[in-house]
$ cat data-v5.csv   # CSV, C-alpha atoms and all ligand atoms
chain,number,residue,atom,x,y,z
A,23,MET,CA,9.5,22.9,-11.3
A,24,LYS,CA,10.4,20.0,-13.7
A,25,ALA,CA,8.5,16.7,-13.6
A,26,ALA,CA,7.4,13.8,-15.6
A,27,VAL,CA,3.9,14.7,-16.9
A,28,VAL,CA,1.1,12.4,-18.0
A,29,ASP,CA,-1.1,14.4,-20.5
A,30,SER,CA,-2.9,11.4,-21.9
A,31,PHE,CA,-3.1,7.7,-20.9
A,32,ALA,CA,-2.2,6.9,-24.5
A,33,ASN,CA,1.3,8.5,-24.4
A,34,ALA,CA,4.4,8.0,-22.3
A,35,PRO,CA,5.0,10.8,-19.7
A,36,ARG,CA,7.1,13.7,-21.0
A,37,TYR,CA,9.6,15.9,-19.1
A,38,ALA,CA,7.9,19.3,-18.6
A,39,ASP,CA,7.1,22.0,-16.2
A,40,PHE,CA,4.4,21.4,-13.6
A,41,ALA,CA,3.0,23.5,-10.8
A,42,GLU,CA,4.9,23.3,-7.4
A,43,PRO,CA,3.1,21.5,-4.6
A,44,SER,CA,2.5,23.3,-1.3
A,45,ALA,CA,2.2,21.5,2.0
A,46,GLN,CA,-1.1,21.2,3.8
A,47,ALA,CA,-1.4,21.0,7.6
A,48,ASP,CA,-0.3,17.4,8.0
A,49,GLU,CA,2.1,17.4,5.1
A,50,VAL,CA,5.8,18.0,4.5
A,51,ILE,CA,7.6,19.0,1.3
A,52,VAL,CA,10.2,16.4,0.1
A,53,ASN,CA,13.0,17.3,-2.3
A,54,VAL,CA,13.0,14.2,-4.4
A,55,ARG,CA,16.2,12.3,-5.2
A,56,ALA,CA,14.9,9.0,-6.6
A,57,ALA,CA,11.6,7.6,-7.8
A,58,ALA,CA,11.2,4.1,-9.2
A,59,LEU,CA,9.4,3.1,-12.3
A,60,SER,CA,7.4,0.2,-10.9
A,61,GLN,CA,4.7,-1.9,-12.5
A,62,LEU,CA,2.2,0.1,-10.4
A,63,VAL,CA,3.5,3.4,-11.7
A,64,ARG,CA,3.3,2.2,-15.3
A,65,LEU,CA,-0.3,0.9,-14.8
A,66,GLN,CA,-1.4,4.2,-13.1
A,67,ALA,CA,0.2,6.3,-15.8
A,68,GLY,CA,-1.5,4.2,-18.5
A,69,GLY,CA,-4.9,4.5,-16.7
A,70,LYS,CA,-4.9,0.7,-16.2
A,71,HIS,CA,-4.8,0.5,-12.4
A,72,TYR,CA,-7.7,0.7,-10.0
A,73,THR,CA,-6.0,3.7,-8.4
A,74,SER,CA,-5.3,5.7,-11.6
A,75,GLY,CA,-6.1,9.4,-11.6
A,76,GLU,CA,-7.2,11.7,-14.4
A,77,PRO,CA,-4.6,13.5,-16.6
A,78,PRO,CA,-2.8,15.8,-16.4
A,79,PHE,CA,-0.7,14.5,-13.4
A,80,VAL,CA,2.8,13.5,-12.4
A,81,PRO,CA,3.2,9.8,-12.0
A,82,GLY,CA,5.2,8.1,-9.2
A,83,ALA,CA,3.9,6.2,-6.2
A,84,ASP,CA,6.9,6.6,-3.9
A,85,GLY,CA,10.5,7.6,-3.7
A,86,VAL,CA,13.5,8.8,-1.7
A,87,GLY,CA,14.2,12.5,-0.9
A,88,VAL,CA,15.2,15.0,1.6
A,89,LEU,CA,13.0,17.1,4.0
A,90,GLU,CA,13.5,20.8,4.4
A,91,ASP,CA,15.4,20.0,7.7
A,92,GLY,CA,17.9,17.8,5.8
A,93,GLN,CA,16.5,14.5,7.0
A,94,ARG,CA,16.7,11.8,4.2
A,95,VAL,CA,13.4,9.8,4.0
A,96,TYR,CA,11.5,7.2,2.0
A,97,PHE,CA,8.1,8.6,1.1
A,98,ALA,CA,4.9,7.1,-0.3
A,99,PHE,CA,1.5,8.4,-1.5
A,100,PRO,CA,2.5,11.9,-2.5
A,101,ARG,CA,-0.6,14.0,-2.9
A,102,PRO,CA,-2.0,14.0,-6.5
A,103,PRO,CA,-1.6,15.5,-9.0
A,104,VAL,CA,2.1,15.6,-8.1
A,105,GLY,CA,3.5,12.1,-7.9
A,106,ALA,CA,7.0,11.1,-7.1
A,107,MET,CA,8.6,11.8,-10.5
A,108,ALA,CA,9.0,15.5,-9.8
A,109,GLU,CA,11.6,17.8,-8.2
A,110,ARG,CA,9.3,18.2,-5.1
A,111,VAL,CA,6.3,16.5,-3.7
A,112,ALA,CA,3.8,17.2,-0.8
A,113,VAL,CA,3.3,14.1,1.3
A,114,LYS,CA,1.7,13.4,4.7
A,115,SER,CA,4.5,13.3,7.3
A,116,ALA,CA,2.9,10.0,8.5
A,117,TYR,CA,3.9,8.5,5.1
A,118,THR,CA,7.6,9.2,5.4
A,119,VAL,CA,10.2,7.0,7.0
A,120,ALA,CA,13.7,8.0,8.0
A,121,LEU,CA,16.2,6.0,5.9
A,122,PRO,CA,19.1,4.1,7.4
A,123,ASP,CA,22.5,5.6,6.5
A,124,ASP,CA,23.7,2.3,5.1
A,125,LEU,CA,21.1,2.3,2.3
A,126,ASP,CA,21.7,4.4,-0.8
A,127,ASP,CA,19.0,6.4,-2.6
A,128,ILE,CA,18.7,4.2,-5.7
A,129,THR,CA,18.6,0.9,-3.9
A,130,ALA,CA,16.0,2.2,-1.4
A,131,ALA,CA,13.8,3.6,-4.2
A,132,ALA,CA,14.1,0.4,-6.3
A,133,ILE,CA,13.4,-2.1,-3.6
A,134,ALA,CA,10.6,-0.4,-1.7
A,135,ASN,CA,7.6,-1.4,-3.9
A,136,PRO,CA,8.6,-4.9,-4.9
A,137,GLY,CA,9.9,-5.7,-1.5
A,138,MET,CA,6.7,-4.4,0.1
A,139,SER,CA,4.7,-6.7,-2.0
A,140,SER,CA,5.7,-9.9,-0.2
A,141,TRP,CA,6.6,-8.2,3.2
A,142,ALA,CA,3.1,-6.8,3.5
A,143,ALA,CA,1.5,-10.0,2.3
A,144,LEU,CA,3.4,-12.1,4.8
A,145,THR,CA,3.0,-9.8,7.8
A,146,GLU,CA,-0.3,-8.0,7.2
A,147,ARG,CA,-2.4,-10.5,5.2
A,148,VAL,CA,-1.3,-13.9,6.3
A,149,ALA,CA,0.5,-14.7,9.6
A,150,MET,CA,3.2,-17.0,8.1
A,151,GLN,CA,4.6,-19.2,10.7
A,152,PRO,CA,8.3,-20.1,10.8
A,153,GLY,CA,8.9,-23.4,9.1
A,154,GLU,CA,6.1,-23.1,6.6
A,155,THR,CA,6.4,-23.5,2.8
A,156,VAL,CA,5.8,-20.6,0.5
A,157,LEU,CA,5.2,-20.9,-3.2
A,158,VAL,CA,6.0,-17.8,-5.2
A,159,ASN,CA,4.0,-17.9,-8.4
A,160,GLY,CA,5.8,-15.7,-11.0
A,161,ALA,CA,9.1,-15.4,-9.2
A,162,THR,CA,11.2,-14.0,-12.1
A,163,GLY,CA,10.5,-10.3,-11.7
A,164,ALA,CA,11.8,-7.8,-9.1
A,165,SER,CA,8.9,-8.6,-6.7
A,166,GLY,CA,9.1,-12.3,-7.1
A,167,ARG,CA,12.8,-12.4,-6.6
A,168,LEU,CA,12.5,-10.3,-3.4
A,169,ALA,CA,9.6,-12.6,-2.3
A,170,ILE,CA,11.9,-15.6,-2.3
A,171,GLN,CA,14.5,-13.7,-0.2
A,172,ILE,CA,11.9,-12.1,2.1
A,173,ALA,CA,9.9,-15.3,2.7
A,174,LYS,CA,13.2,-17.0,3.8
A,175,HIS,CA,14.1,-14.1,6.0
A,176,LEU,CA,10.7,-14.1,7.7
A,177,GLY,CA,11.1,-17.8,8.5
A,178,ALA,CA,9.9,-19.9,5.6
A,179,ALA,CA,11.6,-23.3,5.7
A,180,LYS,CA,11.1,-23.9,2.0
A,181,VAL,CA,10.3,-21.7,-1.0
A,182,ILE,CA,9.1,-23.0,-4.3
A,183,ALA,CA,9.5,-20.6,-7.2
A,184,THR,CA,7.6,-20.7,-10.5
A,185,GLY,CA,8.4,-18.9,-13.8
A,186,ARG,CA,7.7,-19.1,-17.5
A,187,ASN,CA,11.4,-18.8,-18.2
A,188,PRO,CA,13.3,-22.0,-17.0
A,189,ALA,CA,16.6,-20.3,-17.7
A,190,THR,CA,16.1,-18.2,-14.5
A,191,GLU,CA,16.0,-21.3,-12.3
A,192,PRO,CA,19.7,-21.1,-11.2
A,193,GLU,CA,19.3,-17.4,-10.4
A,194,LEU,CA,16.2,-18.1,-8.3
A,195,ARG,CA,17.9,-20.9,-6.5
A,196,ALA,CA,20.8,-18.6,-5.7
A,197,LEU,CA,18.4,-16.2,-4.1
A,198,GLY,CA,17.0,-19.0,-1.9
A,199,ALA,CA,14.5,-21.0,-3.9
A,200,ASP,CA,14.6,-24.6,-3.0
A,201,ASP,CA,12.5,-25.8,-5.9
A,202,PHE,CA,11.4,-24.5,-9.3
A,203,ILE,CA,8.2,-25.3,-11.3
A,204,PRO,CA,8.3,-24.2,-14.9
A,205,LEU,CA,5.1,-22.6,-16.1
A,206,ASN,CA,5.7,-23.2,-19.8
A,207,GLN,CA,4.3,-26.7,-19.8
A,208,PRO,CA,0.9,-28.1,-20.8
A,209,ARG,CA,-1.9,-27.3,-18.4
A,210,GLU,CA,-2.3,-30.9,-17.2
A,211,ALA,CA,1.4,-31.3,-16.6
A,212,LEU,CA,1.4,-28.0,-14.7
A,213,THR,CA,-1.6,-29.0,-12.6
A,214,ALA,CA,0.2,-32.3,-11.8
A,215,ALA,CA,3.4,-30.5,-10.8
A,216,PHE,CA,1.3,-28.2,-8.4
A,217,ARG,CA,-0.5,-31.3,-7.1
A,218,THR,CA,2.8,-32.9,-6.2
A,219,ALA,CA,4.0,-29.7,-4.5
A,220,ILE,CA,0.8,-29.5,-2.5
A,221,ALA,CA,1.0,-33.1,-1.4
A,222,ALA,CA,4.5,-32.3,0.0
A,223,GLY,CA,3.1,-29.2,1.7
A,224,VAL,CA,2.4,-25.7,0.6
A,225,ASP,CA,1.1,-23.3,3.3
A,226,VAL,CA,1.1,-19.9,1.5
A,227,VAL,CA,1.0,-18.9,-2.2
A,228,LEU,CA,2.3,-15.4,-3.1
A,229,ASP,CA,0.7,-15.0,-6.6
A,230,TYR,CA,2.1,-12.4,-8.9
A,231,LEU,CA,0.3,-13.7,-12.0
A,232,TRP,CA,-3.3,-14.8,-11.6
A,233,GLY,CA,-4.6,-16.1,-15.0
A,234,PRO,CA,-3.9,-19.6,-16.2
A,235,SER,CA,-1.2,-20.5,-13.7
A,236,ALA,CA,-3.4,-19.5,-10.8
A,237,GLU,CA,-6.3,-21.6,-12.3
A,238,ALA,CA,-3.9,-24.6,-12.6
A,239,PHE,CA,-2.8,-24.2,-8.9
A,240,LEU,CA,-6.4,-23.9,-7.7
A,241,ALA,CA,-7.5,-26.9,-9.7
A,242,ALA,CA,-4.6,-28.8,-8.2
A,243,ALA,CA,-5.7,-27.8,-4.7
A,244,THR,CA,-9.1,-29.5,-4.9
A,245,SER,CA,-9.5,-32.8,-3.1
A,246,HIS,CA,-12.7,-33.9,-4.9
A,247,GLY,CA,-14.1,-35.0,-1.6
A,248,ALA,CA,-11.7,-37.9,-1.0
A,249,GLY,CA,-12.6,-38.2,2.7
A,250,GLU,CA,-9.9,-36.2,4.3
A,251,ALA,CA,-10.1,-32.4,4.5
A,252,ALA,CA,-7.9,-30.8,1.9
A,253,PRO,CA,-4.8,-29.0,3.4
A,254,SER,CA,-5.2,-25.4,4.3
A,255,ILE,CA,-3.4,-23.0,1.9
A,256,SER,CA,-3.5,-19.2,2.0
A,257,PHE,CA,-3.5,-18.1,-1.6
A,258,VAL,CA,-2.6,-14.4,-1.7
A,259,ASN,CA,-3.0,-12.6,-5.0
A,260,ILE,CA,-0.5,-9.7,-5.4
A,261,GLY,CA,-0.2,-9.1,-9.2
A,262,SER,CA,-1.9,-10.0,-12.4
A,263,LEU,CA,0.7,-10.2,-15.1
A,264,GLY,CA,-0.7,-13.5,-16.3
A,265,GLY,CA,-4.3,-12.3,-16.7
A,266,THR,CA,-6.9,-10.2,-14.8
A,267,GLU,CA,-9.6,-12.9,-14.6
A,268,ILE,CA,-9.8,-16.6,-13.8
A,269,ASN,CA,-12.4,-19.3,-14.0
A,270,LEU,CA,-13.1,-20.7,-10.6
A,271,SER,CA,-15.9,-23.1,-10.0
A,272,ALA,CA,-17.8,-23.1,-6.7
A,273,GLY,CA,-17.1,-26.9,-6.4
A,274,ALA,CA,-13.4,-26.4,-6.8
A,275,LEU,CA,-13.4,-23.8,-4.0
A,276,ARG,CA,-15.5,-25.7,-1.5
A,277,SER,CA,-13.6,-29.0,-2.0
A,278,SER,CA,-10.2,-27.3,-1.3
A,279,GLY,CA,-8.7,-25.9,1.8
A,280,VAL,CA,-7.8,-22.7,-0.1
A,281,GLU,CA,-8.3,-19.3,1.5
A,282,LEU,CA,-8.3,-16.6,-1.2
A,283,LEU,CA,-6.9,-13.2,-0.3
A,284,GLY,CA,-5.3,-10.2,-1.9
A,285,SER,CA,-2.5,-7.9,-0.7
A,286,GLY,CA,-2.0,-4.4,-1.9
A,287,LEU,CA,-3.5,-0.9,-2.0
A,288,GLY,CA,-7.0,-1.2,-0.5
A,289,SER,CA,-6.6,-4.5,1.4
A,290,VAL,CA,-3.7,-3.0,3.4
A,291,SER,CA,-4.0,0.5,4.8
A,292,HIS,CA,-1.5,3.2,3.7
A,293,THR,CA,-0.1,3.3,7.2
A,294,ALA,CA,0.5,-0.4,7.3
A,295,LEU,CA,2.1,-0.4,3.9
A,296,VAL,CA,4.5,2.4,4.9
A,297,ARG,CA,5.2,0.5,8.1
A,298,ALA,CA,5.9,-2.7,6.1
A,299,ILE,CA,8.2,-0.8,3.8
A,300,GLY,CA,10.1,0.9,6.7
A,301,ASP,CA,10.6,-2.5,8.4
A,302,MET,CA,11.8,-4.0,5.1
A,303,LEU,CA,14.2,-1.1,4.3
A,304,ALA,CA,15.6,-1.4,7.8
A,305,ALA,CA,16.5,-5.0,7.1
A,306,VAL,CA,18.1,-4.5,3.6
A,307,HIS,CA,21.7,-4.0,4.8
A,308,SER,CA,21.9,-6.8,7.3
A,309,THR,CA,20.0,-9.3,5.1
A,310,GLY,CA,21.7,-8.4,1.8
A,311,PHE,CA,18.3,-8.4,0.0
A,312,GLN,CA,19.2,-8.0,-3.7
A,313,VAL,CA,17.5,-5.9,-6.3
A,314,GLN,CA,18.8,-4.9,-9.7
A,315,ALA,CA,18.5,-1.2,-10.1
A,316,GLU,CA,19.6,1.4,-12.7
A,317,ALA,CA,19.5,5.2,-12.2
A,318,VAL,CA,18.1,7.2,-15.1
A,319,PRO,CA,17.9,11.1,-15.3
A,320,LEU,CA,14.3,12.3,-14.9
A,321,ALA,CA,14.8,14.3,-18.1
A,322,ASP,CA,15.0,10.9,-20.0
A,323,VAL,CA,11.6,9.8,-18.6
A,324,GLU,CA,10.0,9.4,-22.1
A,325,SER,CA,12.7,7.0,-23.4
A,326,ALA,CA,12.9,5.2,-20.0
A,327,TRP,CA,9.2,4.4,-20.4
A,328,ALA,CA,9.9,2.6,-23.7
A,329,ARG,CA,12.7,0.5,-22.3
A,330,GLU,CA,12.3,-3.1,-21.2
A,331,SER,CA,14.9,-3.6,-18.6
A,332,SER,CA,15.6,-6.5,-16.2
A,333,ALA,CA,16.8,-3.8,-13.7
A,334,ARG,CA,14.3,-1.6,-11.9
A,335,LEU,CA,14.7,1.9,-13.4
A,336,VAL,CA,15.0,4.7,-10.9
A,337,LEU,CA,14.4,8.3,-12.1
A,338,THR,CA,16.6,11.0,-10.6
A,339,PRO,CA,15.6,14.7,-10.8
B,401,LIG,N1,0.0,-5.7,-4.7
B,401,LIG,C1,1.2,-5.2,-4.4
B,401,LIG,O1,1.5,-4.8,-3.3
B,401,LIG,C2,2.2,-5.2,-5.5
B,401,LIG,C3,3.5,-4.6,-5.3
B,401,LIG,C4,4.4,-4.7,-6.3
B,401,LIG,C5,4.1,-5.3,-7.5
B,401,LIG,N2,2.8,-5.8,-7.7
B,401,LIG,C6,2.5,-6.5,-8.9
B,401,LIG,O2,3.2,-7.7,-9.0
B,401,LIG,C7,3.5,-8.0,-10.4
B,401,LIG,C8,5.0,-8.2,-10.6
B,401,LIG,O3,5.6,-7.0,-10.4
B,401,LIG,P1,7.2,-6.8,-10.5
B,401,LIG,O4,7.5,-5.6,-9.8
B,401,LIG,O5,7.9,-8.1,-10.1
B,401,LIG,O6,7.4,-6.6,-12.1
B,401,LIG,P2,8.7,-6.8,-13.0
B,401,LIG,O7,9.9,-6.6,-12.2
B,401,LIG,O8,8.5,-5.9,-14.1
B,401,LIG,O9,8.7,-8.3,-13.4
B,401,LIG,C9,7.7,-8.9,-14.1
B,401,LIG,C10,8.1,-10.3,-14.4
B,401,LIG,O10,7.0,-11.1,-14.6
B,401,LIG,C11,7.3,-12.1,-15.6
B,401,LIG,N3,6.0,-12.3,-16.3
B,401,LIG,C12,5.4,-11.4,-17.1
B,401,LIG,N4,4.3,-11.9,-17.6
B,401,LIG,C13,4.3,-13.2,-17.2
B,401,LIG,C14,3.4,-14.3,-17.4
B,401,LIG,N5,2.3,-14.2,-18.2
B,401,LIG,N6,3.7,-15.5,-16.8
B,401,LIG,C15,4.8,-15.6,-16.1
B,401,LIG,N7,5.7,-14.6,-15.8
B,401,LIG,C16,5.4,-13.4,-16.4
B,401,LIG,C17,8.4,-11.6,-16.4
B,401,LIG,O11,9.4,-12.6,-16.4
B,401,LIG,P3,10.0,-13.3,-17.7
B,401,LIG,O12,9.8,-12.3,-18.8
B,401,LIG,O13,11.4,-13.6,-17.3
B,401,LIG,O14,9.2,-14.5,-17.9
B,401,LIG,C18,9.0,-10.4,-15.6
B,401,LIG,O15,10.3,-10.8,-15.1
B,401,LIG,C19,2.8,-6.9,-11.2
B,401,LIG,O16,1.5,-7.3,-11.6
B,401,LIG,C20,2.7,-5.7,-10.2
B,401,LIG,O17,1.7,-4.8,-10.5
B,401,LIG,C21,1.9,-5.8,-6.7
$ encode --input "data-v5.csv" --output "structure tokens"
Amino acid sequence: MKAAVVDSFANAPRYADFAEPSAQADEVIVNVRAAALSQLVRLQAGGKHYTSGEPPFVPGADGVGVLEDGQRVYFAFPRPPVGAMAERVAVKSAYTVALPDDLDDITAAAIANPGMSSWAALTERVAMQPGETVLVNGATGASGRLAIQIAKHLGAAKVIATGRNPATEPELRALGADDFIPLNQPREALTAAFRTAIAAGVDVVLDYLWGPSAEAFLAAATSHGAGEAAPSISFVNIGSLGGTEINLSAGALRSSGVELLGSGLGSVSHTALVRAIGDMLAAVHSTGFQVQAEAVPLADVESAWARESSARLVLTP
């Protein structure tokens, strides 16, 4: 069968032949219709994610396809080495979810991973209460934009978005953000802006960046032992586009009310991630969750890899 094939972490996947998968006892074969090129897939294919396999393999964490009985499904975690960017995959039947008829293949494939990032964080990692305030750090990408919409849908009273590109503020407000903090300001000014936001109340941070902006937020959350307990804030790391490491002093942590958590593969079980995605996909039509998506033929995988697109690219065999 045809597939995208990673021969080396140094090169983009190429369109080539790859051995057909066969189903094991608890698996089904899915005829793939759409598989998204997410940040996770890019990182895995480049050997830069903690879940990366060894080449040769087919990249692709999840997608949309049809079972042999004709059922249209979302699927996740196809069995390596055949990832989702192939004509067929073998996947545990427990990792498939029937798709609602009102959701098209491309939207479902495009929205699953970025939508899951906040849905799982807010349902599996922190029990966000209706009326709380959520700060989305790094809200300009597919995941951050969906995090604004999903936090509001799950009951947040207020969502604060941050981004390094202030030109995105009107778009983020149109998606539901009530406030915007630009990240492209000097460290002291950014810390002061976070301190003002925390004084007004921040219950949950969904952090797509880590790096300097996370450091600035955590510095702003310290009370320096002023007498009152610092407010409780659940800080959930989801991505690391701003840096993979931060400096965090013990004193800063113990003088803050911050609870540090992560959400993603490893901290949430595969079953819970698939459940979160199924719940989120079921809500897409009624909520109108928006994601920009563009279908690209699987045969063009190599050039798709080189593209920088604001839309989520979805490969179609
Ligand atoms: N743990 C999970 O469950 C999970 C799930 C999905 C995604 N993620 C992670 O979440 C992160 C975001 O993914 P995505 O799907 O939203 O990616 P995306 O759609 O490609 O968007 C990335 C956005 O990040 C912004 N950005 C990049 N570097 C930045 C920086 N240094 N400071 C501020 N903004 C920066 C860019 O915005 P501008 O260029 O406009 O500034 C871009 O719009 C990635 O690290 C991804 O691996 C995690």
$ atom_distance --input "data-v5.csv" --atom1 "atom CA of Arg186 of chain A" --atom2 "atom CA of Gly264 of chain A"
10.2 Å
$ closest_residue --input "data-v5.csv" --among "A:Ile170, A:Leu125, A:Val54, A:Val104" --to "Glu90 of chain A" --atoms "only C-alpha atoms"
A:Val54
$ atom_distance --input "data-v5.csv" --atom1 "atom CA of Ser256 of chain A" --atom2 "atom C3 of ligand LIG 401 (chain B)"
17.8 Å
$ residues_near_ligand --input "data-v5.csv" --ligand "ligand LIG 401 (chain B)" --cutoff "8 Å" --atoms "only C-alpha atoms and all ligand atoms" --output "NGL selection string"
:A and (60-62 or 65 or 135-140 or 142-143 or 160-167 or 185-187 or 190 or 205 or 230-231 or 233 or 235 or 259-265 or 284-287 or 332-334)
$ write_last_selection --input "data-v5.csv" --atoms "C-alpha atoms" --output "short mmCIF file (atom, residue, chain, number, x, y, z; two decimals), keeping the file's coordinate frame"
data_model
loop_
_atom_site.label_atom_id
_atom_site.label_comp_id
_atom_site.auth_asym_id
_atom_site.auth_seq_id
_atom_site.Cartn_x
_atom_site.Cartn_y
_atom_site.Cartn_z
CA SER A 60 7.40 0.20 -10.90
CA GLN A 61 4.70 -1.90 -12.50
CA LEU A 62 2.20 0.10 -10.40
CA LEU A 65 -0.30 0.90 -14.80
CA ASN A 135 7.60 -1.40 -3.90
CA PRO A 136 8.60 -4.90 -4.90
CA GLY A 137 9.90 -5.70 -1.50
CA MET A 138 6.70 -4.40 0.10
CA SER A 139 4.70 -6.70 -2.00
CA SER A 140 5.70 -9.90 -0.20
CA ALA A 142 3.10 -6.80 3.50
CA ALA A 143 1.50 -10.00 2.30
CA GLY A 160 5.80 -15.70 -11.00
CA ALA A 161 9.10 -15.40 -9.20
CA THR A 162 11.20 -14.00 -12.10
CA GLY A 163 10.50 -10.30 -11.70
CA ALA A 164 11.80 -7.80 -9.10
CA SER A 165 8.90 -8.60 -6.70
CA GLY A 166 9.10 -12.30 -7.10
CA ARG A 167 12.80 -12.40 -6.60
CA GLY A 185 8.40 -18.90 -13.80
CA ARG A 186 7.70 -19.10 -17.50
CA ASN A 187 11.40 -18.80 -18.20
CA THR A 190 16.10 -18.20 -14.50
CA LEU A 205 5.10 -22.60 -16.10
CA TYR A 230 2.10 -12.40 -8.90
CA LEU A 231 0.30 -13.70 -12.00
CA GLY A 233 -4.60 -16.10 -15.00
CA SER A 235 -1.20 -20.50 -13.70
CA ASN A 259 -3.00 -12.60 -5.00
CA ILE A 260 -0.50 -9.70 -5.40
CA GLY A 261 -0.20 -9.10 -9.20
CA SER A 262 -1.90 -10.00 -12.40
CA LEU A 263 0.70 -10.20 -15.10
CA GLY A 264 -0.70 -13.50 -16.30
CA GLY A 265 -4.30 -12.30 -16.70
CA GLY A 284 -5.30 -10.20 -1.90
CA SER A 285 -2.50 -7.90 -0.70
CA GLY A 286 -2.00 -4.40 -1.90
CA LEU A 287 -3.50 -0.90 -2.00
CA SER A 332 15.60 -6.50 -16.20
CA ALA A 333 16.80 -3.80 -13.70
CA ARG A 334 14.30 -1.60 -11.90
#
$ atom_distance --input "data-v5.csv" --atom1 "atom CA of Gly249 of chain A" --atom2 "atom CA of Ser277 of chain A"
10.4 Å
$ residues_around --input "data-v5.csv" --residues "Asp127 of chain A" --least-positions-apart "2" --cutoff "12 Å" --atoms "only C-alpha atoms" --output "PDB file with C-alpha atoms, keeping the file's coordinate frame"
ATOM      1  CA  VAL A  54      13.000  14.200  -4.400  1.00  0.00           C
ATOM      2  CA  ARG A  55      16.200  12.300  -5.200  1.00  0.00           C
ATOM      3  CA  ALA A  56      14.900   9.000  -6.600  1.00  0.00           C
ATOM      4  CA  ALA A  57      11.600   7.600  -7.800  1.00  0.00           C
ATOM      5  CA  ALA A  58      11.200   4.100  -9.200  1.00  0.00           C
ATOM      6  CA  GLY A  85      10.500   7.600  -3.700  1.00  0.00           C
ATOM      7  CA  VAL A  86      13.500   8.800  -1.700  1.00  0.00           C
ATOM      8  CA  GLY A  87      14.200  12.500  -0.900  1.00  0.00           C
ATOM      9  CA  VAL A  88      15.200  15.000   1.600  1.00  0.00           C
ATOM     10  CA  ARG A  94      16.700  11.800   4.200  1.00  0.00           C
ATOM     11  CA  VAL A  95      13.400   9.800   4.000  1.00  0.00           C
ATOM     12  CA  TYR A  96      11.500   7.200   2.000  1.00  0.00           C
ATOM     13  CA  PHE A  97       8.100   8.600   1.100  1.00  0.00           C
ATOM     14  CA  ALA A 120      13.700   8.000   8.000  1.00  0.00           C
ATOM     15  CA  LEU A 121      16.200   6.000   5.900  1.00  0.00           C
ATOM     16  CA  PRO A 122      19.100   4.100   7.400  1.00  0.00           C
ATOM     17  CA  ASP A 123      22.500   5.600   6.500  1.00  0.00           C
ATOM     18  CA  ASP A 124      23.700   2.300   5.100  1.00  0.00           C
ATOM     19  CA  LEU A 125      21.100   2.300   2.300  1.00  0.00           C
ATOM     20  CA  THR A 129      18.600   0.900  -3.900  1.00  0.00           C
ATOM     21  CA  ALA A 130      16.000   2.200  -1.400  1.00  0.00           C
ATOM     22  CA  ALA A 131      13.800   3.600  -4.200  1.00  0.00           C
ATOM     23  CA  ALA A 132      14.100   0.400  -6.300  1.00  0.00           C
ATOM     24  CA  ILE A 133      13.400  -2.100  -3.600  1.00  0.00           C
ATOM     25  CA  ALA A 134      10.600  -0.400  -1.700  1.00  0.00           C
ATOM     26  CA  LEU A 303      14.200  -1.100   4.300  1.00  0.00           C
ATOM     27  CA  ALA A 315      18.500  -1.200 -10.100  1.00  0.00           C
ATOM     28  CA  GLU A 316      19.600   1.400 -12.700  1.00  0.00           C
ATOM     29  CA  ALA A 317      19.500   5.200 -12.200  1.00  0.00           C
ATOM     30  CA  VAL A 336      15.000   4.700 -10.900  1.00  0.00           C
ATOM     31  CA  LEU A 337      14.400   8.300 -12.100  1.00  0.00           C
ATOM     32  CA  THR A 338      16.600  11.000 -10.600  1.00  0.00           C
TER      33      THR A 338
END
$ residues_around --input "data-v5.csv" --residues "Glu324 of chain A" --least-positions-apart "3" --cutoff "10 Å" --atoms "all atoms listed in the file" --output "ChimeraX atom specification"
/A:26-27,33-37,320-321,327-329
$ residues_around --input "data-v5.csv" --residues "Val280 of chain A" --least-positions-apart "4" --cutoff "10 Å" --atoms "only C-alpha atoms" --output "count of residues only"
16
$ residues_around --input "data-v5.csv" --residues "Gln151 of chain A" --least-positions-apart "2" --cutoff "12 Å" --atoms "all atoms listed in the file" --output "JSON list (two decimals) with C-alpha atoms, in the frame of the given file"
[["chain", "number", "residue", "atom", "x", "y", "z"],
["A", 144, "LEU", "CA", 3.40, -12.10, 4.80],
["A", 145, "THR", "CA", 3.00, -9.80, 7.80],
["A", 148, "VAL", "CA", -1.30, -13.90, 6.30],
["A", 149, "ALA", "CA", 0.50, -14.70, 9.60],
["A", 153, "GLY", "CA", 8.90, -23.40, 9.10],
["A", 154, "GLU", "CA", 6.10, -23.10, 6.60],
["A", 155, "THR", "CA", 6.40, -23.50, 2.80],
["A", 156, "VAL", "CA", 5.80, -20.60, 0.50],
["A", 173, "ALA", "CA", 9.90, -15.30, 2.70],
["A", 174, "LYS", "CA", 13.20, -17.00, 3.80],
["A", 175, "HIS", "CA", 14.10, -14.10, 6.00],
["A", 176, "LEU", "CA", 10.70, -14.10, 7.70],
["A", 177, "GLY", "CA", 11.10, -17.80, 8.50],
["A", 178, "ALA", "CA", 9.90, -19.90, 5.60],
["A", 179, "ALA", "CA", 11.60, -23.30, 5.70],
["A", 180, "LYS", "CA", 11.10, -23.90, 2.00],
["A", 225, "ASP", "CA", 1.10, -23.30, 3.30],
["A", 226, "VAL", "CA", 1.10, -19.90, 1.50],
["A", 256, "SER", "CA", -3.50, -19.20, 2.00]]
$ residues_around --input "data-v5.csv" --residues "Ala45 of chain A" --least-positions-apart "5" --cutoff "7 Å" --atoms "all atoms listed in the file" --output "list in words"
Val50, Ile51 and Ala112 of chain A
$ closest_residue --input "data-v5.csv" --among "A:Ser44, A:Thr266, A:Ser278, A:Ser30" --to "Glu76 of chain A" --atoms "all atoms listed in the file"
A:Ser30
$ closest_residue --input "data-v5.csv" --among "A:Val52, A:Val119, A:Ala298, A:Ala41" --to "Lys24 of chain A" --atoms "all atoms listed in the file"
A:Ala41
